[in-house]
Amino acid sequence: MRNSLAASIVLLFGIAFLATDEGRAAQRGRISGEGFITEGVPKMPNPPGPAPKRDLTGMWVGPQNNKPDQVPPMTPAGEALFKQRHPYGPASRNDDLGASNDPFITCDPLGFPRNLLAHAVSSRGRFIFGSAPDRLLIAYEQQRVWREIWMNGRALPKVVDVRGAPESRYYGHSVGHWENDNTLIIDTTGVDERPWLDELGHPRSSSARIQERYTRVDQYNLQLTVTVDDPKFYTKPWTWMRANFYWVMGQEFAETFCIPSEGIEYRDSLAKPSGIEIK
Amino acid sequence: MRRTCTGIIAGLAGALLLSAVAAGQSAEPRSPWKYYPEDARANKGPGGPAPVRDLTGTWAGESSGAGVERLVPPERQPSFTPLGKQLFDRNRAEGANVLVADSNDPHVKYCDPFGFPRNMNDQIRSMTITTLPNRTFVMLRFMNIWREIWTDGRALPTSFGGRGKDVHDPTYNGYSVGRWQDDYTFVVETTGIASETWATESGLPHSVDARVTERFVRKSKNDLTLTLTMDDPKLYTKPVSLGEIYFRWIPSQTFFDFSCVPSSVQRYLKEMADPSGSPSAGR
């Protein structure tokens with residue numbers, strides 16, 4: 001049975017944990033087969049080697065020690081949208097999944113940048129950098145989604161979803177450049193507005209500018225700072241994520257999917273048996 | 001507005017065609033962020049020789065509107081074992097005689113992951129391939145999902161489910177290894193696929209022990225052909241062709257988002273496809 005991350009993560013700490021490789025492995029007192037899945041944050045070599053220049057290729061796990069800034073005051077439009085959201089989970093101190101309208105409960109796409117948060121049952125997410133012509137590609141363990149980062153100097157689209165302009169995307173449109181030999185900057189805009197910014201349900205607009213700064217400190221340590229600038233919904237920019245990622249020794253992914261049929265069945269049969277719609 | 005798919009929403013091809021015609025006729029500035037099917041169609045011919053042992057880049061699939069050849073469908077009626085026939089008869093694929101509301105296709109009803117090999121033969125609109133020293137990634141545009149193919153010489157696992165030191169859990173994408181048969185042919189073997197997924201849109205079943213072989217043949221710079229064959233003695237008396245799929249190199253290397261969104265499908269089923277909440281007559 002594959003890793004099955006139904007809907008809302010936390011509700012599943014009891015149920016879904018046992019439905020994952022880790023859970024099953026723990027249950028059986030074994031580690032899943034050598035060679036294809038190797039679990040665990042590795043012990044860091046002491047000291048790690050220097051960071052290679054302009055190279056993030058390989059797999060990283062995190063975020064660890066996330067210390068974001070406080071979310072700034074919202075604009076009236078942001079407040080109005082935020083009030084419609086009914087989050088679920090420890091971040092919101094609401095354990096009533098049936099009363100939540102978090103789109104991830106039905107396994108709708110997490111979207112960027114929420115997918116950077118640790119939605120894996122293990123509280124760790126892994127991603128890997130690869131490349132294609134003119135681009136960096138990032139593959140994420142959670143939901144097995146991927147993004148492409150254009151490195152050929154093109155400008156970001158100024159608008160989306162109007163005639164002649166590109167369409168918004170769940171993971172936005174992204175461009176990147178190396179600020180120096182160890183720091184990669186990625187700028188993203190044009191995100192689809194349906195996904196939430198975070199587990200609390202903060203909104204983000206398609207015109208938001210989201211900047212990621214990846215600084216490879218050494219061979220095995222990567223620092224990520226994510227800044228959100230969204231004047232439509234927030235009164236000022238802020239640092240949305242400030243966290244560390246670590247090199248994965250085994251360089252291997254588990255398969256971690258949110259399965260819609262399982263999430264919906266759980267919601268309708270256990271969490272919301274009355275069938276009452278939440279507005 | 002980005003495209004979302006219920007898995008069964010009709011008219012996308014028409015909408016794509018109209019948008020392509022509109023784009024072709026208008027004098028609007030072109031955006032590097034948009035996919036223009038007419039550009040892909042205009043990129044005629046082989047475009048030069050195929051590079052050696054290189055599939056890297058973004059390809060338009062047969063459903064892309066790029067004018068690539070149509071998918072060659074799998075055999076209509078494979079030779080089933082009794083168990084295979086039993087499982088196949090249980091699957092109600094949406095089609096001429098089965099309404100959406102009556103289908104039990106987990107993707108059509110919920111947007112559950114296709115899993116492999118269906119994600120390589122259904123809704124195959126675009127894929128991007130990237131290669132690392134020890135593996136190749138196939139990144140599919142439909143559902144924005146990727147699969148990995150190990151190229152470090154490891155052997156495939158042989159035991160799935162249950163307990164034991166060398167037992168692996170079945171996964172939606174299975175376990176894949178690949179090798180270059182020659183400079184232009186990349187062969188991938190996959191097994192350990194979760195058996196609740198369908199192998200094709202038509203509902204062909206597979207067991208966890210099914211062994212699927214993909215042959216990616218790059219015939220020129222612009223042309224890539226994928227053939228899929230499934231060997232599953234538990235369910236079929238002989239190997240089954242899952243089709244031959246044609247890909248074309250996309251000059252702009254850009255494609256659009258396209259996903260099945262679970263909440264949209266639930267709304268569609270409730271409001272349009274199955275408003276009574278009950279099976280249709282004749283089921």
# chains A, B, ... in the order shown; residues from 1 in each chain; ligands from 1

call {"tool": "select_by_dssp", "arguments": {"residues": "range 36-233 of chain B", "states": "strand (DSSP E)", "output": "ChimeraX atom specification"}}
result
/B:57-60,126-132,135-140,145-150,175-182,185-191,211-218,223-231

call {"tool": "residues_around", "arguments": {"residues": "range 196-204 of chain B", "least_positions_apart": "5", "cutoff": "9 Å", "atoms": "only C-alpha atoms", "output": "list of chain:residue names"}}
result
B:Pro74, B:Pro78, B:Gly84, B:Leu87, B:Phe88, B:Asp89, B:Arg90, B:Asn91, B:Arg92, B:Ala93, B:Glu94, B:Gly95, B:Asp105, B:Pro106, B:His107, B:Asp112, B:Pro113, B:Phe114, B:Gly115, B:Phe116, B:Pro117, B:Arg118, B:Asn119, B:Asn121, B:Asp122, B:Tyr172, B:Met230, B:Leu242

call {"tool": "write_last_selection", "arguments": {"atoms": "C-alpha atoms", "output": "JSON list (two decimals), in the first residue's frame"}}
result
[["chain", "number", "residue", "atom", "x", "y", "z"],
["B", 74, "PRO", "CA", -4.58, -0.68, -26.88],
["B", 78, "PRO", "CA", -7.08, -8.55, -24.43],
["B", 84, "GLY", "CA", -8.56, -10.78, -15.11],
["B", 87, "LEU", "CA", -11.74, -7.68, -12.42],
["B", 88, "PHE", "CA", -12.26, -6.08, -15.81],
["B", 89, "ASP", "CA", -16.02, -6.68, -15.66],
["B", 90, "ARG", "CA", -16.09, -4.97, -12.30],
["B", 91, "ASN", "CA", -14.65, -1.75, -13.72],
["B", 92, "ARG", "CA", -17.27, 0.55, -15.21],
["B", 93, "ALA", "CA", -15.42, 2.99, -17.42],
["B", 94, "GLU", "CA", -17.25, 6.12, -18.45],
["B", 95, "GLY", "CA", -18.22, 5.86, -22.10],
["B", 105, "ASP", "CA", -13.37, 5.03, -12.32],
["B", 106, "PRO", "CA", -11.55, 6.46, -9.28],
["B", 107, "HIS", "CA", -10.12, 9.24, -11.38],
["B", 112, "ASP", "CA", -7.59, 10.01, -7.65],
["B", 113, "PRO", "CA", -4.11, 9.69, -9.13],
["B", 114, "PHE", "CA", -4.04, 7.79, -12.40],
["B", 115, "GLY", "CA", -1.01, 5.90, -11.26],
["B", 116, "PHE", "CA", 1.30, 4.26, -13.74],
["B", 117, "PRO", "CA", 0.86, 3.17, -16.55],
["B", 118, "ARG", "CA", -2.39, 5.06, -17.05],
["B", 119, "ASN", "CA", -0.62, 8.37, -16.46],
["B", 121, "ASN", "CA", -1.47, 6.64, -21.83],
["B", 122, "ASP", "CA", -4.39, 8.84, -20.74],
["B", 172, "TYR", "CA", 0.83, 4.52, -7.45],
["B", 230, "MET", "CA", 2.19, -4.86, -19.89],
["B", 242, "LEU", "CA", -1.12, -0.38, -23.87]]

call {"tool": "atom_distance", "arguments": {"atom1": "CA of Thr57 in chain A", "atom2": "CA of Gly172 in chain A"}}
result
21.6 Å

call {"tool": "closest_residue", "arguments": {"among": "B:Arg248, B:Arg141, B:Arg125, B:Arg70", "to": "chain A", "atoms": "only C-alpha atoms"}}
result
B:Arg141

call {"tool": "atom_distance", "arguments": {"atom1": "CA of Leu136 in chain A", "atom2": "CA of Val261 in chain B"}}
result
25.8 Å

call {"tool": "closest_atom_pairs", "arguments": {"of": "chain B", "to": "chain A", "cutoff": "7 Å", "atoms": "only C-alpha atoms", "output": "tab-separated table"}}
result
residue	atom	partner	partner_atom	distance
B:Met1	CA	A:Asp161	CA	5.0
B:Arg2	CA	A:Glu167	CA	5.1
B:Glu28	CA	A:Gly164	CA	6.3
B:Ser31	CA	A:Ala165	CA	6.8
B:Trp33	CA	A:Pro166	CA	5.9
B:Lys34	CA	A:Pro166	CA	5.3
B:Thr56	CA	A:Ala132	CA	6.1
B:Gly57	CA	A:Ala132	CA	5.4
B:Tyr110	CA	A:Ser261	CA	5.5
B:Cys111	CA	A:Pro260	CA	6.5
B:Asp112	CA	A:Pro260	CA	5.6
B:Thr130	CA	A:Ala132	CA	5.8
B:Leu132	CA	A:Gly130	CA	6.7
B:Asn144	CA	A:Val145	CA	5.4
B:Ile145	CA	A:Val145	CA	4.7
B:Trp146	CA	A:Arg144	CA	5.8
B:Gly161	CA	A:Met1	CA	6.7
B:Lys165	CA	A:Gly33	CA	6.6
B:Asp166	CA	A:Gly33	CA	5.2
B:Val167	CA	A:Gly33	CA	6.0
B:His168	CA	A:Gly33	CA	5.6
B:Asp169	CA	A:Met1	CA	5.1
B:Pro170	CA	A:Met1	CA	5.0
B:Thr171	CA	A:Arg2	CA	4.3
B:Tyr172	CA	A:Arg2	CA	6.5
B:Ala194	CA	A:Met1	CA	6.6
B:Asp257	CA	A:Arg169	CA	6.2
B:Val261	CA	A:Asp108	CA	5.6
B:Pro262	CA	A:Asp108	CA	5.7
B:Ser263	CA	A:Thr106	CA	6.2

call {"tool": "atom_distance", "arguments": {"atom1": "CA of Ser205 in chain A", "atom2": "CA of Gly176 in chain A"}}
result
20.5 Å

call {"tool": "closest_residue", "arguments": {"among": "B:Ile193, B:Val240, B:Val208, B:Leu228", "to": "Tyr175 in chain B", "atoms": "only C-alpha atoms"}}
result
B:Ile193

call {"tool": "residues_around", "arguments": {"residues": "Val68 in chain B", "least_positions_apart": "5", "cutoff": "7 Å", "atoms": "only C-alpha atoms", "output": "list in words"}}
result
Glu62, Tyr246, Phe247 and Arg248 of chain B

call {"tool": "write_last_selection", "arguments": {"atoms": "C-alpha atoms", "output": "PDB file, in the first residue's frame"}}
result
ATOM      1  CA  GLU B  62      -1.023  13.240 -28.439  1.00  0.00           C
ATOM      2  CA  TYR B 246       3.656  10.097 -30.276  1.00  0.00           C
ATOM      3  CA  PHE B 247       5.349  13.167 -28.865  1.00  0.00           C
ATOM      4  CA  ARG B 248       6.635  16.276 -30.595  1.00  0.00           C
TER       5      ARG B 248
END

call {"tool": "residues_around", "arguments": {"residues": "Ser79 in chain B", "least_positions_apart": "4", "cutoff": "8 Å", "atoms": "only C-alpha atoms", "output": "PyMOL selection string"}}
result
chain B and resi 236-238

call {"tool": "closest_residue", "arguments": {"among": "A:Ile138, A:Lys67, A:Met59, A:Ala208", "to": "Pro237 in chain A", "atoms": "only C-alpha atoms"}}
result
A:Ala208

call {"tool": "select_by_dssp", "arguments": {"residues": "range 247-278 of chain B", "states": "alpha helix (DSSP H)", "output": "ChimeraX atom specification"}}
result
/B:262-268
